[in-house]
file input14.txt (compact mmCIF, C-alpha atoms)
# COMPACT_ATOMS: atom_id res chain seq x y z
CA TYR A 13 17.11 -19.30 -36.77
CA PRO A 14 18.83 -15.94 -36.24
CA PRO A 15 21.43 -15.68 -33.44
CA VAL A 16 19.34 -13.29 -31.33
CA THR A 17 18.02 -13.20 -27.77
CA LEU A 18 14.31 -13.42 -26.99
CA HIS A 19 14.08 -9.75 -25.97
CA TYR A 20 15.50 -8.74 -29.39
CA PHE A 21 11.96 -8.89 -30.81
CA MET A 22 10.67 -6.42 -28.21
CA GLU A 23 13.52 -4.02 -28.99
CA GLU A 24 13.01 -4.37 -32.76
CA ASN A 25 9.30 -3.57 -32.45
CA ALA A 26 10.08 -0.46 -30.41
CA ARG A 27 12.23 0.63 -33.36
CA LYS A 28 10.03 -0.53 -36.26
CA HIS A 29 6.54 -0.19 -34.75
CA PRO A 30 6.98 2.28 -31.84
CA ASP A 31 3.37 3.50 -31.86
CA SER A 32 1.77 0.09 -32.37
CA VAL A 33 -0.12 -1.18 -29.34
CA CYS A 34 1.58 -3.93 -27.34
CA THR A 35 -1.04 -4.58 -24.64
CA ILE A 36 -4.67 -3.67 -24.01
CA PHE A 37 -5.96 -4.17 -20.48
CA LYS A 38 -9.52 -3.10 -19.65
CA GLY A 39 -9.13 -0.44 -22.35
CA ALA A 40 -5.72 0.91 -21.25
CA ARG A 41 -3.15 0.72 -24.06
CA ILE A 42 0.64 0.47 -23.87
CA THR A 43 2.64 0.90 -27.08
CA TYR A 44 5.71 -1.12 -28.02
CA LYS A 45 7.91 1.94 -27.45
CA GLU A 46 6.40 2.44 -23.98
CA MET A 47 6.67 -1.27 -23.11
CA ASN A 48 10.29 -1.47 -24.22
CA GLU A 49 11.21 1.64 -22.20
CA THR A 50 9.29 0.36 -19.16
CA THR A 51 11.14 -2.98 -19.26
CA ASP A 52 14.46 -1.11 -19.53
CA ARG A 53 13.55 0.97 -16.48
CA LEU A 54 12.39 -2.05 -14.51
CA ALA A 55 15.59 -3.89 -15.46
CA ALA A 56 17.54 -0.97 -13.99
CA GLY A 57 15.40 -1.20 -10.85
CA LEU A 58 15.97 -4.94 -10.48
CA ALA A 59 19.71 -4.40 -10.95
CA GLU A 60 19.53 -1.87 -8.09
CA LEU A 61 18.10 -4.69 -5.95
CA GLY A 62 21.13 -6.82 -6.78
CA VAL A 63 19.71 -8.97 -9.58
CA LYS A 64 22.52 -10.00 -11.92
CA LYS A 65 23.08 -12.28 -14.88
CA GLY A 66 22.12 -15.88 -14.12
CA ASP A 67 19.92 -15.01 -11.13
CA ARG A 68 16.50 -16.68 -10.99
CA VAL A 69 13.62 -14.24 -10.59
CA GLY A 70 10.07 -15.40 -9.86
CA ILE A 71 6.95 -13.98 -11.48
CA PHE A 72 3.71 -14.54 -9.55
CA ILE A 73 1.32 -12.49 -11.67
CA PRO A 74 -1.81 -13.30 -13.74
CA ASN A 75 -2.32 -12.17 -17.35
CA THR A 76 -1.80 -8.42 -17.01
CA PRO A 77 0.70 -5.99 -18.61
CA GLN A 78 2.85 -6.35 -15.48
CA PHE A 79 3.67 -9.96 -16.44
CA VAL A 80 5.10 -8.76 -19.76
CA MET A 81 7.02 -5.97 -18.01
CA ALA A 82 8.57 -8.34 -15.47
CA TYR A 83 9.36 -11.07 -18.02
CA TYR A 84 11.32 -8.87 -20.43
CA ALA A 85 13.01 -6.86 -17.69
CA ILE A 86 14.44 -10.08 -16.25
CA LEU A 87 15.65 -11.24 -19.68
CA LYS A 88 17.34 -7.91 -20.38
CA LEU A 89 19.45 -8.39 -17.24
CA GLY A 90 20.45 -11.89 -18.33
CA GLY A 91 18.29 -13.26 -15.54
CA ILE A 92 16.29 -16.48 -15.59
CA VAL A 93 12.48 -16.27 -15.51
CA VAL A 94 10.62 -18.64 -13.18
CA ALA A 95 6.89 -18.10 -13.76
CA THR A 96 4.67 -19.43 -10.98
CA ASN A 97 1.06 -20.55 -11.21
CA PRO A 98 -1.04 -17.96 -9.31
CA LEU A 99 -3.28 -20.80 -8.08
CA TYR A 100 -0.40 -22.54 -6.28
CA SER A 101 -0.65 -23.30 -2.58
CA GLY A 102 2.06 -22.25 -0.14
CA ARG A 103 3.60 -25.73 -0.23
CA GLU A 104 3.82 -25.70 -4.04
CA ILE A 105 5.34 -22.19 -4.07
CA GLU A 106 7.90 -23.24 -1.47
CA HIS A 107 9.02 -26.23 -3.55
CA GLN A 108 9.37 -24.24 -6.79
CA VAL A 109 11.16 -21.31 -5.13
CA ASN A 110 13.68 -23.55 -3.37
CA ASP A 111 14.20 -25.89 -6.32
CA SER A 112 14.89 -23.01 -8.73
CA GLY A 113 16.87 -20.80 -6.32
CA ILE A 114 14.65 -17.71 -6.50
CA GLU A 115 15.84 -14.79 -4.34
CA VAL A 116 13.67 -12.03 -5.81
CA MET A 117 9.94 -12.56 -6.42
CA ILE A 118 7.69 -10.21 -8.41
CA VAL A 119 4.07 -10.60 -7.27
CA MET A 120 0.61 -9.14 -7.74
CA SER A 121 -0.38 -7.53 -4.46
CA ASN A 122 -3.25 -9.94 -3.71
CA TYR A 123 -0.66 -12.77 -3.48
CA TYR A 124 1.72 -10.79 -1.27
CA LYS A 125 0.57 -12.26 2.06
CA LEU A 126 0.83 -15.82 0.72
CA VAL A 127 4.40 -15.23 -0.48
CA LYS A 128 5.33 -13.62 2.86
CA GLU A 129 4.03 -16.69 4.70
CA VAL A 130 6.30 -18.92 2.59
CA GLN A 131 9.32 -16.59 2.61
CA PRO A 132 10.89 -17.81 5.92
CA LYS A 133 11.17 -21.31 4.45
CA THR A 134 12.96 -20.05 1.33
CA HIS A 135 15.90 -17.86 0.23
CA ILE A 136 13.62 -15.05 -1.00
CA ARG A 137 15.26 -11.81 0.15
CA THR A 138 13.10 -9.23 -1.66
CA VAL A 139 9.50 -9.19 -2.85
CA VAL A 140 8.64 -6.71 -5.63
CA VAL A 141 4.92 -5.94 -5.56
CA THR A 142 2.55 -4.56 -8.19
CA ASN A 143 -1.11 -3.59 -7.87
CA LEU A 144 -3.71 -4.42 -10.51
CA LYS A 145 -4.84 -0.78 -10.65
CA GLU A 146 -1.40 0.41 -11.86
CA THR A 147 -2.17 -0.59 -15.47
CA LEU A 148 -5.91 0.16 -15.51
CA PRO A 149 -7.32 3.26 -17.26
CA PRO A 150 -7.48 6.25 -14.85
CA ILE A 151 -11.24 6.08 -14.16
CA LEU A 152 -11.25 2.30 -13.69
CA SER A 153 -8.19 2.57 -11.46
CA PHE A 154 -9.99 5.11 -9.27
CA LEU A 155 -13.14 2.97 -9.08
CA PHE A 156 -11.09 -0.15 -8.35
CA GLY A 157 -9.45 1.65 -5.45
CA LEU A 158 -12.87 2.59 -4.07
CA THR A 159 -14.71 -0.70 -4.50
CA LYS A 160 -12.52 -3.76 -5.15
CA GLU A 161 -8.96 -3.07 -4.00
CA LYS A 162 -9.42 -3.84 -0.30
CA LYS A 163 -12.13 -6.48 -0.77
CA GLY A 164 -9.98 -8.39 -3.30
CA GLY A 165 -6.89 -8.30 -1.08
CA PHE A 166 -4.97 -5.96 -3.39
CA ARG A 167 -4.42 -3.23 -0.76
CA VAL A 168 -1.35 -4.26 1.21
CA GLN A 169 1.26 -2.65 3.45
CA LEU A 170 4.75 -3.71 2.39
CA GLU A 171 7.15 -5.01 5.02
CA ALA A 172 10.69 -3.64 5.38
CA GLY A 173 12.94 -4.63 2.49
CA ASP A 174 10.15 -5.08 -0.04
CA VAL A 175 9.42 -2.58 -2.80
CA TRP A 176 6.67 -1.50 -5.19
CA MET A 177 7.36 -2.33 -8.83
CA LYS A 178 5.99 1.07 -9.83
CA ASP A 179 8.61 2.80 -7.66
CA LEU A 180 11.42 0.81 -9.32
CA ILE A 181 10.13 1.87 -12.74
CA ASP A 182 9.54 5.52 -11.79
CA ARG A 183 12.98 6.16 -10.33
CA HIS A 184 14.97 4.95 -13.34
CA ARG A 185 15.39 6.03 -16.94
CA PRO A 186 15.65 3.56 -19.87
CA GLU A 187 19.33 4.44 -20.30
CA ASP A 188 20.00 3.35 -16.68
CA ARG A 189 19.58 -0.29 -17.71
CA PRO A 190 22.92 -2.09 -17.29
CA LYS A 191 24.55 -3.20 -20.54
CA ILE A 192 24.65 -6.95 -19.99
CA GLU A 193 26.00 -9.29 -22.66
CA VAL A 194 23.33 -11.95 -23.16
CA SER A 195 23.95 -14.75 -25.67
CA THR A 196 21.64 -17.17 -27.46
CA GLU A 197 23.02 -20.03 -25.33
CA ASP A 198 22.29 -18.30 -22.01
CA VAL A 199 19.42 -19.76 -19.98
CA ALA A 200 16.26 -17.66 -20.18
CA LEU A 201 13.66 -19.78 -18.42
CA PHE A 202 13.02 -22.51 -15.88
CA GLN A 203 9.57 -23.77 -16.87
CA TYR A 204 7.95 -25.99 -14.25
CA SER A 205 5.74 -28.94 -15.09
CA GLY A 206 2.31 -29.23 -13.53
CA GLY A 207 3.44 -32.00 -11.19
CA THR A 208 0.61 -34.33 -12.22
CA THR A 209 2.99 -37.33 -12.36
CA GLY A 210 4.92 -36.47 -9.21
CA VAL A 211 6.97 -33.52 -7.99
CA SER A 212 6.89 -30.49 -10.30
CA LYS A 213 10.13 -30.33 -12.33
CA GLY A 214 11.82 -27.40 -14.02
CA ALA A 215 12.63 -27.65 -17.73
CA VAL A 216 15.57 -25.47 -18.78
CA ALA A 217 15.18 -23.28 -21.88
CA THR A 218 17.85 -21.09 -23.45
CA HIS A 219 17.22 -17.93 -25.46
CA ARG A 220 17.92 -19.99 -28.60
CA ASN A 221 15.27 -22.54 -27.58
CA LEU A 222 12.62 -19.89 -27.06
CA VAL A 223 13.51 -17.91 -30.19
CA ALA A 224 13.22 -21.13 -32.23
CA ASN A 225 9.86 -21.98 -30.62
CA THR A 226 8.59 -18.45 -31.25
CA LEU A 227 9.59 -18.51 -34.92
CA MET A 228 8.05 -21.96 -35.39
CA ILE A 229 4.69 -20.67 -34.11
CA HIS A 230 5.03 -17.57 -36.30
CA SER A 231 5.69 -19.77 -39.35
CA TRP A 232 2.47 -21.72 -38.75
CA MET A 233 0.45 -18.48 -38.81
CA THR A 234 0.69 -18.29 -42.60
CA ASN A 235 -1.68 -15.32 -42.95
CA CYS A 236 -0.10 -13.32 -40.13
CA GLU A 237 0.67 -9.70 -41.03
CA ASP A 238 3.23 -8.22 -38.68
CA GLY A 239 1.96 -5.13 -36.90
CA LYS A 240 -1.68 -5.84 -37.81
CA GLU A 241 -2.77 -8.74 -35.61
CA THR A 242 -4.55 -8.99 -32.26
CA VAL A 243 -4.06 -11.93 -29.89
CA LEU A 244 -6.54 -12.71 -27.10
CA MET A 245 -4.37 -13.72 -24.12
CA ALA A 246 -6.86 -16.03 -22.41
CA ILE A 247 -4.48 -18.90 -21.59
CA PRO A 248 -2.18 -18.40 -18.56
CA LEU A 249 1.15 -16.73 -19.29
CA PHE A 250 2.90 -18.78 -16.60
CA HIS A 251 2.14 -21.82 -18.81
CA ILE A 252 4.56 -22.51 -21.68
CA TYR A 253 1.66 -22.55 -24.16
CA GLY A 254 0.42 -19.08 -23.24
CA MET A 255 3.97 -17.81 -22.83
CA VAL A 256 5.32 -18.89 -26.23
CA ALA A 257 2.32 -19.47 -28.53
CA GLY A 258 0.72 -16.37 -27.01
CA MET A 259 3.09 -13.69 -25.70
CA CYS A 260 6.36 -14.51 -27.48
CA PHE A 261 4.59 -15.08 -30.82
CA ALA A 262 2.59 -11.86 -30.43
CA ILE A 263 5.71 -9.84 -29.71
CA ARG A 264 7.53 -11.36 -32.69
CA ALA A 265 4.53 -10.36 -34.84
CA ALA A 266 4.27 -6.86 -33.29
CA ALA A 267 0.70 -7.85 -32.45
CA ILE A 268 -1.66 -6.41 -29.85
CA MET A 269 -2.07 -8.60 -26.77
CA VAL A 270 -5.47 -8.32 -25.10
CA MET A 271 -4.78 -9.31 -21.50
CA ILE A 272 -7.32 -11.62 -19.82
CA PRO A 273 -6.47 -12.21 -16.12
CA ASN A 274 -9.64 -14.26 -15.55
CA PRO A 275 -10.78 -16.31 -18.57
CA ARG A 276 -13.82 -17.51 -16.59
CA ASP A 277 -15.24 -13.98 -16.81
CA ILE A 278 -17.00 -14.83 -20.08
CA LYS A 279 -18.66 -11.41 -20.45
CA TYR A 280 -15.28 -9.66 -20.26
CA VAL A 281 -13.69 -12.15 -22.68
CA LEU A 282 -16.48 -11.56 -25.22
CA ASP A 283 -16.30 -7.77 -24.75

call {"tool": "encode", "arguments": {"input": "input14.txt", "output": "structure tokens"}}
result
Amino acid sequence: YPPVTLHYFMEENARKHPDSVCTIFKGARITYKEMNETTDRLAAGLAELGVKKGDRVGIFIPNTPQFVMAYYAILKLGGIVVATNPLYSGREIEHQVNDSGIEVMIVMSNYYKLVKEVQPKTHIRTVVVTNLKETLPPILSFLFGLTKEKKGGFRVQLEAGDVWMKDLIDRHRPEDRPKIEVSTEDVALFQYSGGTTGVSKGAVATHRNLVANTLMIHSWMTNCEDGKETVLMAIPLFHIYGMVAGMCFAIRAAAIMVMIPNPRDIKYVLD
């Protein structure tokens, strides 16, 4: 296993396959070059909020391009990802946030009110919010704003101290990302168990752990051609299976990830 960090594969693809597609969401495409630059810009934005190496940052987002953006931005700062199940109740969120030590939470806007209800019982100081329409194609984004945004709870007014993820990205350049020394032995992830046998517990994974897992999955895909594959992301990214066998493998293989936020929407999955 090479002595590299998990985000090395994203950076390598931006160099080797800059115009290859990284994510497709409802027809909107983001290339590896664009995704790498976006994660650099978001990393700079999170650093502006005070996120530093070793800090635990929560992700409360379904399978959309924003999950990928948040995940790799956190890693590039030397932060620790804590991915939360979007179906969690307030009590479950409170336990995971307090157990892991999350102070900054990145959420999809329809979960914003739930996180704000829990916030007083935690050490969360800032909530970074993204809206589903931000990564939709222009026409779909417009239609979503007209028909589904308010009905689905995506239209929210942020409270003082909170910030839109899009604003963090827009006001920074890729070169603004702090140059943080991240090693293979640094912790990359606290992955929480489902809690089916008791209280949900966080498993600790280093960059070396996740790189090894990623390369193991890649080795099993014996016919995989880097830069030519497409992966249907129908299993949740907050789950270690979807995260590693899906996202991390796909990014190692410079594959296209087709983002499926709701796998029960069978028509959309088949489309």

call {"tool": "closest_residue", "arguments": {"input": "input14.txt", "among": "A:Ala95, A:Ile252, A:Ile272, A:Val116", "to": "Asn225 in chain A", "atoms": "all atoms listed in the file"}}
result
A:Ile252

call {"tool": "residues_around", "arguments": {"input": "input14.txt", "residues": "Ala215 in chain A", "least_positions_apart": "6", "cutoff": "10 Å", "atoms": "all atoms listed in the file", "output": "PDB file with C-alpha atoms, in the coordinates of the input"}}
result
ATOM      1  CA  LEU A 201      13.660 -19.780 -18.420  1.00  0.00           C
ATOM      2  CA  PHE A 202      13.020 -22.510 -15.880  1.00  0.00           C
ATOM      3  CA  GLN A 203       9.570 -23.770 -16.870  1.00  0.00           C
ATOM      4  CA  TYR A 204       7.950 -25.990 -14.250  1.00  0.00           C
ATOM      5  CA  SER A 205       5.740 -28.940 -15.090  1.00  0.00           C
TER       6      SER A 205
END

call {"tool": "closest_residue", "arguments": {"input": "input14.txt", "among": "A:Asp179, A:Asp31, A:Glu187, A:Glu49", "to": "Val141 in chain A", "atoms": "only C-alpha atoms"}}
result
A:Asp179

call {"tool": "closest_residue", "arguments": {"input": "input14.txt", "among": "A:Thr147, A:Thr226, A:Thr242, A:Thr17", "to": "Ala257 in chain A", "atoms": "only C-alpha atoms"}}
result
A:Thr226

call {"tool": "atom_distance", "arguments": {"input": "input14.txt", "atom1": "CA of Asp67 in chain A", "atom2": "CA of Glu46 in chain A"}}
result
25.5 Å

call {"tool": "closest_residue", "arguments": {"input": "input14.txt", "among": "A:Val16, A:Ala82, A:Val69, A:Val270", "to": "Met47 in chain A", "atoms": "only C-alpha atoms"}}
result
A:Ala82
